[in-house]
$ cat input-v7.txt   # compact mmCIF, C-alpha atoms
# COMPACT_ATOMS: atom_id res chain seq x y z
CA MET E 392 -27.11 -8.26 47.85
CA ARG E 393 -26.38 -6.27 44.74
CA ARG E 394 -22.66 -5.99 45.40
CA LEU E 395 -21.89 -8.99 43.15
CA LEU E 396 -23.89 -7.58 40.22
CA THR E 397 -22.23 -4.20 40.62
CA THR E 398 -18.85 -5.92 40.46
CA ILE E 399 -19.91 -7.80 37.30
CA LEU E 400 -21.10 -4.79 35.35
CA ALA E 401 -18.40 -2.34 36.43
CA VAL E 402 -14.92 -2.05 35.01
CA VAL E 403 -12.51 -4.02 37.14
CA PRO E 404 -9.78 -1.49 37.97
CA VAL E 405 -8.01 -3.87 40.35
CA LEU E 406 -7.03 -5.97 37.36
CA VAL E 407 -5.28 -3.07 35.66
CA SER E 408 -1.57 -2.93 36.27
CA ALA E 409 -0.18 0.01 38.20
CA GLN E 410 2.85 0.11 35.90
CA GLU E 411 3.60 3.15 33.77
CA ALA E 412 1.18 3.32 30.84
CA PRO E 413 2.73 2.48 27.46
CA ARG E 414 2.59 4.88 24.55
CA THR E 415 -0.78 4.71 22.85
CA TRP E 416 -1.10 5.06 19.07
CA SER E 417 -4.09 6.51 17.28
CA LEU E 418 -5.14 5.05 13.95
CA LYS E 419 -3.66 8.10 12.20
CA ASP E 420 -0.35 7.56 14.02
CA CYS E 421 -0.30 3.94 12.87
CA ILE E 422 -1.17 4.75 9.26
CA ASP E 423 1.39 7.57 9.00
CA HIS E 424 4.12 5.37 10.49
CA ALA E 425 3.24 2.46 8.20
CA ILE E 426 3.32 4.63 5.08
CA ASP E 427 6.74 6.01 6.07
CA ASN E 428 8.26 2.63 6.93
CA ASN E 429 6.43 -0.15 5.07
CA ILE E 430 8.76 -1.96 2.64
CA THR E 431 6.13 -2.39 -0.09
CA VAL E 432 5.35 1.33 -0.06
CA LYS E 433 9.07 2.15 -0.19
CA GLN E 434 9.56 -0.16 -3.18
CA THR E 435 6.66 1.46 -5.02
CA ALA E 436 8.12 4.88 -4.25
CA LEU E 437 11.38 3.78 -5.89
CA ASN E 438 9.45 3.06 -9.10
CA VAL E 439 8.20 6.66 -9.05
CA GLU E 440 11.77 7.93 -8.69
CA MET E 441 12.89 5.78 -11.61
CA GLY E 442 10.02 7.16 -13.69
CA GLU E 443 11.21 10.70 -12.90
CA ILE E 444 14.72 9.79 -14.04
CA GLU E 445 13.41 8.31 -17.30
CA LEU E 446 11.42 11.49 -17.97
CA ASN E 447 14.47 13.64 -17.30
CA THR E 448 16.58 11.47 -19.62
CA ASP E 449 14.17 11.93 -22.53
CA LYS E 450 13.95 15.68 -21.95
CA LEU E 451 17.74 15.94 -22.11
CA SER E 452 17.85 14.00 -25.40
CA ARG E 453 16.96 17.27 -27.16
CA LEU E 454 20.37 18.68 -26.25
CA PRO E 455 23.44 18.27 -28.47
CA ASN E 456 26.06 15.77 -27.42
CA LEU E 457 29.79 16.42 -27.31
CA SER E 458 32.59 13.89 -27.56
CA ALA E 459 36.36 14.01 -27.88
CA SER E 460 38.70 11.37 -29.26
CA ALA E 461 42.42 10.75 -29.70
CA SER E 462 44.23 8.01 -31.56
CA GLU E 463 47.79 6.85 -32.18
CA ASN E 464 48.61 4.58 -35.13
CA PHE E 465 51.84 2.79 -36.05
CA SER E 466 52.48 1.47 -39.57
CA PHE E 467 55.32 -0.85 -40.66
CA GLY E 468 56.27 -1.46 -44.29
CA ARG E 469 54.35 -0.05 -47.19
CA GLY E 470 51.78 2.46 -46.03
CA LEU E 471 50.06 5.76 -46.66
CA THR E 472 52.19 8.89 -46.20
CA ALA E 473 51.20 12.38 -45.15
CA ASP E 474 50.95 13.57 -48.80
CA ASN E 475 48.51 10.73 -49.57
CA THR E 476 51.04 8.52 -51.41
CA TYR E 477 52.35 5.10 -50.51
CA ASP E 478 55.95 4.40 -49.48
CA ASN E 479 57.95 1.64 -47.81
CA ALA E 480 58.58 3.31 -44.46
CA ASN E 481 57.65 3.06 -40.83
CA THR E 482 55.17 5.79 -39.95
CA THR E 483 53.24 7.06 -36.98
CA SER E 484 50.16 9.27 -36.93
CA THR E 485 48.45 10.98 -34.06
CA SER E 486 44.98 12.50 -34.38
CA PHE E 487 42.67 14.52 -32.14
CA SER E 488 39.02 15.38 -32.76
CA LEU E 489 36.06 17.00 -31.05
CA GLY E 490 32.57 16.36 -32.42
CA SER E 491 28.96 17.15 -31.66
CA SER E 492 25.55 16.26 -33.05
CA VAL E 493 22.05 17.47 -32.35
CA PRO E 494 18.74 15.92 -33.41
CA VAL E 495 16.80 18.30 -35.62
CA PHE E 496 13.78 16.14 -36.37
CA GLN E 497 13.25 12.57 -35.25
CA GLY E 498 9.74 11.96 -36.52
CA PHE E 499 8.25 13.45 -33.32
CA ARG E 500 9.90 10.59 -31.41
CA ILE E 501 11.45 12.78 -28.71
CA ASN E 502 8.28 14.76 -27.97
CA ARG E 503 6.20 11.61 -27.94
CA SER E 504 8.71 9.83 -25.71
CA ILE E 505 8.52 12.72 -23.24
CA ALA E 506 4.70 12.61 -23.31
CA LEU E 507 4.88 8.85 -22.77
CA ASP E 508 7.20 9.25 -19.79
CA LYS E 509 4.91 11.86 -18.23
CA LEU E 510 1.97 9.48 -18.45
CA ASN E 511 4.08 6.64 -17.10
CA LEU E 512 5.07 8.84 -14.14
CA ALA E 513 1.40 9.68 -13.52
CA SER E 514 0.56 5.98 -13.54
CA LEU E 515 3.41 5.13 -11.15
CA THR E 516 2.35 7.93 -8.81
CA ALA E 517 -1.22 6.65 -8.78
CA LYS E 518 0.05 3.14 -8.06
CA LEU E 519 2.06 4.52 -5.15
CA ASP E 520 -1.13 6.12 -3.82
CA LYS E 521 -2.91 2.77 -4.23
CA ALA E 522 -0.14 1.01 -2.28
CA LYS E 523 -0.64 3.57 0.49
CA ASP E 524 -4.40 2.95 0.41
CA ASP E 525 -3.82 -0.79 0.69
CA ILE E 526 -1.60 -0.35 3.74
CA ARG E 527 -4.19 2.03 5.26
CA ILE E 528 -6.88 -0.65 5.02
CA SER E 529 -4.57 -3.37 6.37
CA VAL E 530 -3.59 -1.18 9.32
CA ALA E 531 -7.23 -0.31 10.03
CA GLN E 532 -8.20 -3.99 10.02
CA ALA E 533 -5.37 -4.86 12.41
CA TYR E 534 -6.27 -1.85 14.57
CA ILE E 535 -9.92 -2.93 14.81
CA GLN E 536 -8.83 -6.45 15.72
CA ILE E 537 -6.82 -5.08 18.65
CA LEU E 538 -9.78 -3.02 19.87
CA TYR E 539 -12.02 -6.07 19.67
CA ASP E 540 -9.53 -8.36 21.42
CA LYS E 541 -9.00 -5.78 24.18
CA GLU E 542 -12.70 -5.66 24.98
CA ILE E 543 -13.01 -9.44 24.80
CA LEU E 544 -10.12 -9.61 27.26
CA GLU E 545 -12.01 -7.32 29.64
CA VAL E 546 -15.07 -9.56 29.33
CA ALA E 547 -12.90 -12.59 30.11
CA LYS E 548 -11.41 -10.80 33.12
CA SER E 549 -14.89 -9.95 34.36
CA GLN E 550 -15.91 -13.55 33.99
CA VAL E 551 -12.94 -14.70 36.09
CA VAL E 552 -13.81 -12.13 38.76
CA ILE E 553 -17.44 -13.26 38.81
CA ASP E 554 -16.54 -16.92 39.08
CA SER E 555 -13.87 -16.25 41.71
CA LEU E 556 -16.34 -14.33 43.87
CA GLN E 557 -18.90 -17.06 43.41
CA VAL E 558 -16.41 -19.75 44.50
CA GLU E 559 -15.62 -17.73 47.63
CA ARG E 560 -19.34 -17.26 48.33
CA LEU E 561 -20.11 -20.96 47.89
CA GLU E 562 -17.23 -22.02 50.12
CA ILE E 563 -18.61 -19.77 52.87
CA MET E 564 -22.08 -21.19 52.29
CA ALA E 565 -20.70 -24.73 52.31
CA GLY E 566 -19.05 -23.98 55.62
CA ASN E 567 -22.39 -23.15 57.24
CA GLY E 568 -24.26 -25.90 55.40
CA SER E 569 -26.12 -23.67 52.95
CA ALA E 570 -24.38 -25.19 49.89
CA SER E 571 -23.02 -28.60 49.02
CA ARG E 572 -19.41 -29.48 48.23
CA ALA E 573 -20.59 -30.59 44.80
CA GLU E 574 -21.77 -27.07 44.06
CA VAL E 575 -18.39 -25.74 45.17
CA ALA E 576 -16.55 -28.22 42.93
CA ALA E 577 -18.77 -27.38 39.97
CA GLN E 578 -18.15 -23.68 40.42
CA LYS E 579 -14.39 -24.27 40.66
CA ALA E 580 -14.55 -26.12 37.34
CA THR E 581 -16.40 -23.14 35.86
CA LEU E 582 -13.70 -20.84 37.22
CA ALA E 583 -11.00 -22.99 35.62
CA GLU E 584 -12.76 -22.74 32.25
CA SER E 585 -12.99 -18.96 32.68
CA ARG E 586 -9.27 -18.78 33.32
CA VAL E 587 -8.61 -20.79 30.15
CA SER E 588 -10.77 -18.31 28.23
CA LEU E 589 -8.83 -15.46 29.83
CA ALA E 590 -5.50 -16.99 28.77
CA GLN E 591 -6.82 -17.41 25.21
CA ALA E 592 -8.05 -13.81 25.15
CA GLU E 593 -4.64 -12.57 26.32
CA SER E 594 -2.93 -14.64 23.61
CA ASN E 595 -5.29 -13.33 20.92
CA LEU E 596 -4.57 -9.76 21.97
CA GLN E 597 -0.82 -10.31 21.87
CA LEU E 598 -1.05 -11.81 18.40
CA ALA E 599 -3.19 -8.88 17.22
CA LEU E 600 -0.63 -6.42 18.62
CA LEU E 601 2.13 -8.37 16.88
CA ASP E 602 0.30 -8.25 13.54
CA LEU E 603 -0.08 -4.47 13.70
CA THR E 604 3.48 -3.79 14.87
CA GLN E 605 4.78 -5.93 12.01
CA LEU E 606 2.75 -3.86 9.56
CA LEU E 607 4.33 -0.77 11.13
CA GLU E 608 7.81 -2.35 10.86
CA LEU E 609 8.28 -1.97 14.61
CA PRO E 610 10.87 -4.28 16.21
CA SER E 611 8.57 -5.54 18.98
CA PRO E 612 5.00 -5.21 20.28
CA GLU E 613 6.30 -4.58 23.79
CA GLY E 614 4.92 -1.31 25.19
CA PHE E 615 2.64 -0.86 22.16
CA ASP E 616 -1.03 0.06 22.67
CA VAL E 617 -3.78 1.77 20.69
CA VAL E 618 -6.33 4.47 21.41
CA ALA E 619 -9.97 3.43 21.72
CA PRO E 620 -12.42 5.24 19.42
CA SER E 621 -14.68 7.95 20.77
CA THR E 622 -18.27 7.23 21.74
CA GLU E 623 -19.47 9.34 18.79
CA ALA E 624 -17.57 7.11 16.36
CA LEU E 625 -19.60 4.09 17.48
CA GLU E 626 -22.98 5.73 16.92
CA ARG E 627 -25.15 4.30 14.17
CA ARG E 628 -25.85 6.45 11.13
CA LEU E 629 -27.49 6.44 7.72
CA LEU E 630 -25.59 4.76 4.89
CA MET E 631 -25.12 6.21 1.41
CA SER E 632 -26.22 4.05 -1.55
CA PRO E 633 -23.57 1.96 -3.38
CA GLU E 634 -24.17 3.96 -6.56
CA GLY E 635 -23.47 7.26 -4.82
CA ILE E 636 -20.36 5.86 -3.14
CA TYR E 637 -19.12 4.46 -6.47
CA ALA E 638 -19.62 7.80 -8.21
CA ASP E 639 -17.33 9.43 -5.65
CA ALA E 640 -14.88 6.51 -5.64
CA VAL E 641 -14.32 6.66 -9.42
CA GLN E 642 -13.13 10.23 -9.00
CA ALA E 643 -11.01 9.62 -5.92
CA LYS E 644 -9.51 6.13 -5.82
CA PRO E 645 -5.88 5.77 -6.98
CA ALA E 646 -6.63 2.40 -8.62
CA ILE E 647 -8.93 4.11 -11.13
CA LYS E 648 -6.50 6.96 -11.68
CA ALA E 649 -3.72 4.44 -12.33
CA GLY E 650 -5.91 2.58 -14.83
CA GLU E 651 -6.80 5.79 -16.66
CA ALA E 652 -3.13 6.78 -16.77
CA ASP E 653 -2.29 3.36 -18.21
CA VAL E 654 -4.85 3.88 -20.99
CA ASP E 655 -3.39 7.30 -21.83
CA TYR E 656 0.09 5.77 -21.70
CA ALA E 657 -0.94 3.09 -24.18
CA LYS E 658 -2.42 5.72 -26.52
CA ALA E 659 0.85 7.63 -26.41
CA GLY E 660 2.63 4.35 -27.13
CA VAL E 661 0.68 4.04 -30.39
CA SER E 662 1.76 7.55 -31.42
CA LEU E 663 5.37 6.77 -30.53
CA ALA E 664 5.33 3.59 -32.59
CA LYS E 665 4.07 5.57 -35.60
CA SER E 666 7.17 7.76 -35.39
CA GLY E 667 9.07 5.00 -37.18
CA TRP E 668 7.35 5.96 -40.44
CA TRP E 669 8.73 9.51 -40.36
CA PRO E 670 12.15 10.61 -41.69
CA SER E 671 14.78 11.90 -39.30
CA ILE E 672 17.22 14.78 -39.63
CA SER E 673 20.31 15.38 -37.56
CA LEU E 674 22.98 18.08 -37.56
CA SER E 675 26.60 17.31 -36.75
CA GLY E 676 29.86 19.21 -36.62
CA GLY E 677 33.37 18.95 -35.29
CA ILE E 678 37.02 19.90 -35.41
CA GLY E 679 40.17 17.82 -35.69
CA THR E 680 43.92 17.75 -36.35
CA ASN E 681 46.74 15.23 -36.61
CA PHE E 682 50.49 14.75 -36.39
CA TYR E 683 52.51 12.51 -38.78
CA THR E 684 56.07 11.10 -38.72
CA SER E 685 58.00 8.88 -41.18
CA SER E 686 61.26 6.95 -40.88
CA ARG E 687 62.38 8.08 -44.37
CA VAL E 688 61.11 11.64 -44.65
CA ALA E 689 61.72 14.49 -42.27
CA SER E 690 58.50 15.63 -40.68
CA ALA E 691 57.43 19.11 -39.76
CA SER E 692 57.33 19.99 -36.07
CA PHE E 693 54.44 18.89 -33.91
CA ALA E 694 53.19 22.47 -33.47
CA ASP E 695 53.30 23.20 -37.22
CA GLN E 696 51.51 19.98 -38.12
CA MET E 697 48.84 20.52 -35.48
CA LYS E 698 48.25 23.99 -36.89
CA ASN E 699 48.44 23.09 -40.57
CA ASN E 700 46.36 19.92 -40.28
CA PHE E 701 43.57 21.58 -38.32
CA SER E 702 40.13 21.00 -39.94
CA GLN E 703 36.47 21.70 -39.26
CA TYR E 704 33.35 20.05 -40.56
CA VAL E 705 29.59 20.47 -40.37
CA GLY E 706 26.99 18.15 -41.81
CA LEU E 707 23.28 17.60 -42.11
CA SER E 708 21.97 14.06 -42.53
CA LEU E 709 18.55 12.86 -43.61
CA SER E 710 17.29 9.33 -43.09
CA ILE E 711 14.09 8.25 -44.85
CA PRO E 712 12.57 4.89 -43.91
CA ILE E 713 11.57 3.04 -47.08
CA PHE E 714 11.33 -0.58 -46.00
CA ASP E 715 12.17 -1.70 -42.47
CA ARG E 716 10.93 -5.27 -42.86
CA LEU E 717 7.53 -4.12 -41.53
CA GLN E 718 8.95 -3.58 -38.05
CA THR E 719 7.17 -0.23 -37.61
CA ARG E 720 3.87 -1.66 -38.79
CA ASN E 721 4.11 -4.51 -36.29
CA SER E 722 5.17 -2.11 -33.54
CA VAL E 723 2.03 -0.05 -34.18
CA ARG E 724 -0.11 -3.20 -34.14
CA THR E 725 1.42 -4.30 -30.85
CA ALA E 726 0.91 -0.83 -29.36
CA ARG E 727 -2.76 -0.87 -30.37
CA LEU E 728 -3.22 -4.26 -28.73
CA ARG E 729 -1.61 -2.90 -25.55
CA LEU E 730 -4.08 0.01 -25.69
CA GLN E 731 -7.01 -2.36 -26.00
CA ASN E 732 -5.71 -4.48 -23.15
CA SER E 733 -5.28 -1.42 -20.89
CA GLU E 734 -8.87 -0.34 -21.69
CA TYR E 735 -10.10 -3.80 -20.71
CA GLN E 736 -8.02 -3.61 -17.54
CA LEU E 737 -9.52 -0.23 -16.62
CA GLU E 738 -13.03 -1.57 -17.18
CA SER E 739 -12.20 -4.60 -15.02
CA THR E 740 -10.79 -2.36 -12.27
CA LYS E 741 -13.96 -0.27 -12.24
CA LYS E 742 -16.15 -3.37 -12.04
CA SER E 743 -14.01 -4.78 -9.22
CA LEU E 744 -14.27 -1.47 -7.36
CA TYR E 745 -18.05 -1.46 -7.70
CA LYS E 746 -18.22 -5.05 -6.45
CA GLU E 747 -16.03 -4.14 -3.47
CA ILE E 748 -18.28 -1.19 -2.66
CA GLN E 749 -21.41 -3.32 -2.98
CA GLN E 750 -19.93 -5.95 -0.69
CA ALA E 751 -18.82 -3.33 1.84
CA TYR E 752 -22.26 -1.69 1.70
CA TYR E 753 -24.17 -4.90 2.39
CA ASN E 754 -21.63 -5.87 5.03
CA ALA E 755 -22.30 -2.51 6.66
CA LEU E 756 -26.07 -3.10 6.45
CA ALA E 757 -25.66 -6.52 8.01
CA ALA E 758 -23.35 -5.11 10.68
CA ASP E 759 -25.90 -2.39 11.42
CA GLY E 760 -28.66 -4.93 11.91
CA LYS E 761 -26.40 -7.15 13.96
CA TYR E 762 -25.32 -4.19 16.06
CA GLU E 763 -28.93 -3.33 16.84
CA SER E 764 -29.96 -6.90 17.64
CA CYS E 765 -26.85 -7.53 19.74
CA THR E 766 -27.52 -4.36 21.71
CA LEU E 767 -31.05 -5.55 22.50
CA ALA E 768 -29.79 -9.06 23.25
CA SER E 769 -27.15 -7.72 25.63
CA GLU E 770 -29.70 -5.57 27.45
CA SER E 771 -32.09 -8.51 27.74
CA ALA E 772 -29.36 -10.89 28.90
CA THR E 773 -28.23 -8.41 31.54
CA GLU E 774 -31.78 -7.93 32.77
CA SER E 775 -32.30 -11.70 32.83
CA PHE E 776 -29.14 -12.18 34.83
CA GLU E 777 -30.27 -9.57 37.35
CA LEU E 778 -33.47 -11.51 37.91
CA VAL E 779 -31.74 -14.87 38.19
CA LEU E 780 -29.15 -13.37 40.55
CA ALA E 781 -31.93 -12.05 42.80
CA LYS E 782 -33.62 -15.46 42.77
CA TYR E 783 -30.30 -17.21 43.40
CA GLU E 784 -29.49 -15.01 46.37
CA ALA E 785 -32.99 -15.65 47.70
CA GLY E 786 -32.45 -19.39 47.34
CA LYS E 787 -35.04 -19.79 44.57
CA ALA E 788 -32.53 -20.64 41.78
CA ASN E 789 -29.68 -23.14 41.76
CA ILE E 790 -26.06 -22.67 40.71
CA THR E 791 -26.70 -24.15 37.25
CA GLU E 792 -29.37 -21.58 36.47
CA TYR E 793 -27.11 -18.85 37.79
CA ASN E 794 -24.18 -19.93 35.58
CA GLU E 795 -26.39 -20.26 32.51
CA ALA E 796 -27.73 -16.72 32.96
CA LYS E 797 -24.24 -15.40 33.62
CA ASN E 798 -22.79 -17.12 30.55
CA LYS E 799 -25.59 -15.83 28.36
CA MET E 800 -24.96 -12.29 29.57
CA LEU E 801 -21.21 -12.51 28.92
CA SER E 802 -21.77 -14.15 25.54
CA ALA E 803 -24.20 -11.39 24.57
CA GLU E 804 -21.63 -8.81 25.64
CA SER E 805 -18.97 -10.49 23.49
CA ASN E 806 -21.31 -10.54 20.49
CA LEU E 807 -22.11 -6.87 21.03
CA VAL E 808 -18.42 -5.98 21.10
CA LYS E 809 -17.81 -7.85 17.84
CA ALA E 810 -20.84 -6.27 16.15
CA ARG E 811 -19.84 -2.80 17.34
CA TYR E 812 -16.36 -2.92 15.81
CA GLU E 813 -17.50 -4.70 12.68
CA TYR E 814 -20.01 -1.90 12.13
CA LEU E 815 -17.35 0.73 12.82
CA PHE E 816 -14.93 -0.75 10.29
CA GLN E 817 -17.48 -1.33 7.52
CA THR E 818 -18.97 2.17 7.74
CA ARG E 819 -15.54 3.81 7.80
CA LEU E 820 -14.51 1.65 4.84
CA LEU E 821 -17.41 3.07 2.84
CA ASP E 822 -16.25 6.59 3.72
CA PHE E 823 -12.75 5.64 2.64
CA TYR E 824 -14.01 4.50 -0.78
CA ARG E 825 -15.48 7.97 -1.20
CA GLY E 826 -12.04 9.50 -0.71
CA GLU E 827 -12.34 10.46 2.96
CA GLU E 828 -9.57 9.88 5.47
CA LEU E 829 -9.68 6.54 7.27
CA VAL E 830 -10.14 7.50 10.92
CA PHE E 831 -12.08 6.14 13.90

$ encode --input "input-v7.txt" --output "structure tokens"
Amino acid sequence: MRRLLTTILAVVPVLVSAQEAPRTWSLKDCIDHAIDNNITVKQTALNVEMGEIELNTDKLSRLPNLSASASENFSFGRGLTADNTYDNANTTSTSFSLGSSVPVFQGFRINRSIALDKLNLASLTAKLDKAKDDIRISVAQAYIQILYDKEILEVAKSQVVIDSLQVERLEIMAGNGSASRAEVAAQKATLAESRVSLAQAESNLQLALLDLTQLLELPSPEGFDVVAPSTEALERRLLMSPEGIYADAVQAKPAIKAGEADVDYAKAGVSLAKSGWWPSISLSGGIGTNFYTSSRVASASFADQMKNNFSQYVGLSLSIPIFDRLQTRNSVRTARLRLQNSEYQLESTKKSLYKEIQQAYYNALAADGKYESCTLASESATESFELVLAKYEAGKANITEYNEAKNKMLSAESNLVKARYEYLFQTRLLDFYRGEELVF
């Protein structure tokens, strides 16, 4: 008499395909693959590389430059001759030069630019870490959805098995006059509804698999499956207070580090803008020579002229800003406003983080309570169904009472599955805010 109940409560292995099992992905596998292949993360990583190039460029600006030049000029009619007089003649002149300059003092601009680029690189790196954190959370949410849909699918399969067995049982009973054809028809309608629910559960699971594989940049969800969490991961545990979680999160989360780097970057921007008030000194030097010909006067040979016209120069230049139409003053004002804005942004980011932690904490509390109540409800619904099943098999309960008890048991099981995975995600999310790895 208990064979039907045993079938209901047991896993239905006959429904599992005998095909070769697809590769299963753990949450860590999914997160690692997403970080390596997600387009948004790759784009953010490019910004870090560009920041490194900008820093390298400013460091190299301390070095002297070196340039070479050559020119050829043709003059017709009255023009300047080689001995610095004017004559009516066609002339040509060829010149070669090699010059170099090095910044001696640029009002601390180079050092401050390098410091600015270092802070910018730190900010970009923190933003890359934040992009990775965002993809971790998105992957975890999609992963949890798959786990939930898989268990709901098993519940739907169990419901189809139950209803199928009940239809067979009623048809046998109808054959010997123990049940009416109306009861058989009603149970067949219930079976049809169960099959619709099964089809919907299969569709939901396929969509959940598609969502995760798209996050992972996989070409298709075919053959993709995930690993179920361990029993220990689903156990209930004490929750840390929002204040304690926030204290850890401020030290660990990339969003806060990026905001702090932006504030430091803005401070360095103020110092860089002030560099416009300082004088600048540069050192330059070079060598050169030229070759000259005239249509009226015989010219020395090319080699002699190149040797005799050879010259060297070295110079030191000083530039003192006296009045730059208040451009430096306005640049400093703008930089200070940027600093104030970045400080406001950091404060806003911290407040948003605290709100997120508070929301996650109370979601976890609610999920914990729901988990406990759904566990009790599932146990009660199962016990109730056992009693109704015994009464039904003894002929003391009708098919309607049986179906109601069965549906309540399966509904309670579905609610328990949802509560279990909601609790798992919310508690792990709190751990993630504290800087721990996101794992199930």

$ closest_residue --input "input-v7.txt" --among "E:Ser775, E:Ser708, E:Asn754, E:Asn429" --to "Ala796 (chain E)" --atoms "only C-alpha atoms"
E:Ser775

$ residues_near_point --input "input-v7.txt" --point "(53.2, 20.3, -35.1)" --cutoff "12 Å" --atoms "only C-alpha atoms" --output "NGL selection string"
:E and (484-486 or 680-684 or 690-701)

$ closest_residue --input "input-v7.txt" --among "E:Asn456, E:Ile444, E:Thr791, E:Asn511" --to "Lys648 (chain E)" --atoms "all atoms listed in the file"
E:Asn511

$ closest_residue --input "input-v7.txt" --among "E:Ser662, E:Asn721, E:Asn595, E:Gln749" --to "Glu634 (chain E)" --atoms "only C-alpha atoms"
E:Gln749

$ closest_residue --input "input-v7.txt" --among "E:Ser702, E:Ser632, E:Ser710, E:Thr740" --to "Arg825 (chain E)" --atoms "all atoms listed in the file"
E:Ser632
